[in-house]
Amino acid sequence: MNCTFCGAALVKGRGKMYVKVSGQVFYYCGSKCEKNHALKRDGKKVAWTDKYAELKKK
């Protein structure tokens with residue numbers, strides 16, 4: 001399981017899970033990712049995320 005915002009791997013029993021009324025599930029590794037996702041930021045454009053690093057490798 002990976003963080004919805006940054007793409008980092010989550011250890012079982014850690015992190016936060018947010019479930020919308022529609023049934024959509026978001027997993028966060030910490031409050032930093034949760035707050036950035038709430039601000040509608042794109043994880044692919046934030047330099048400290050794993051998604052950004054994967055995008056720049058290609």
# chains A, B, ... in the order shown; residues from 1 in each chain; ligands from 1
$ select_by_dssp --residues "stretch 1-52 of chain A" --states "helix (DSSP H, G or I)" --output "ChimeraX atom specification"
/A:31-38,43-45,50-52
$ select_by_dssp --residues "chain A" --states "strand (DSSP E or B)" --output "number ranges by chain"
A: 2, 9, 16-19, 25-28
$ closest_residue --among "A:Ala53, A:Asp42, A:Gly13, A:Asn2" --to "A:Tyr28" --atoms "only C-alpha atoms"
A:Asn2
$ atom_distance --atom1 "atom CA of A:Leu55" --atom2 "atom CA of A:Val11"
23.3 Å
$ atom_distance --atom1 "atom CA of A:Gly30" --atom2 "atom CA of A:Lys16"
6.8 Å
$ residues_around --residues "A:His37" --least-positions-apart "6" --cutoff "10 Å" --atoms "only C-alpha atoms" --output "PDB file with N, CA and C atoms, in the first residue's frame"
ATOM      1  N   THR A   4      -1.221   8.098  -0.957  1.00  0.00           N
ATOM      2  CA  THR A   4      -1.938   8.662  -2.097  1.00  0.00           C
ATOM      3  C   THR A   4      -1.235   9.891  -2.650  1.00  0.00           C
ATOM      4  N   PHE A   5      -0.649  10.705  -1.787  1.00  0.00           N
ATOM      5  CA  PHE A   5      -0.028  11.951  -2.249  1.00  0.00           C
ATOM      6  C   PHE A   5       1.402  11.760  -2.738  1.00  0.00           C
ATOM      7  N   CYS A   6       2.260  11.211  -1.904  1.00  0.00           N
ATOM      8  CA  CYS A   6       3.683  11.169  -2.261  1.00  0.00           C
ATOM      9  C   CYS A   6       4.126   9.848  -2.889  1.00  0.00           C
ATOM     10  N   PHE A  26      -8.382   7.265   0.598  1.00  0.00           N
ATOM     11  CA  PHE A  26      -7.081   7.922   0.498  1.00  0.00           C
ATOM     12  C   PHE A  26      -6.219   7.446   1.653  1.00  0.00           C
ATOM     13  N   TYR A  28      -2.543   8.158   3.669  1.00  0.00           N
ATOM     14  CA  TYR A  28      -1.513   9.162   3.875  1.00  0.00           C
ATOM     15  C   TYR A  28      -0.452   8.621   4.829  1.00  0.00           C
ATOM     16  N   SER A  31       0.819  13.737   8.318  1.00  0.00           N
ATOM     17  CA  SER A  31       0.003  14.940   8.198  1.00  0.00           C
ATOM     18  C   SER A  31       0.496  15.864   7.081  1.00  0.00           C
ATOM     19  N   GLY A  43       1.130  15.749  -6.345  1.00  0.00           N
ATOM     20  CA  GLY A  43       2.315  15.080  -5.823  1.00  0.00           C
ATOM     21  C   GLY A  43       3.428  14.939  -6.838  1.00  0.00           C
TER      22      GLY A  43
END
$ closest_residue --among "A:Ala38, A:Cys33, A:Ala47, A:Val25" --to "A:Ala8" --atoms "only C-alpha atoms"
A:Cys33
$ atom_distance --atom1 "atom CA of A:Gly15" --atom2 "atom CA of A:Arg41"
19.2 Å
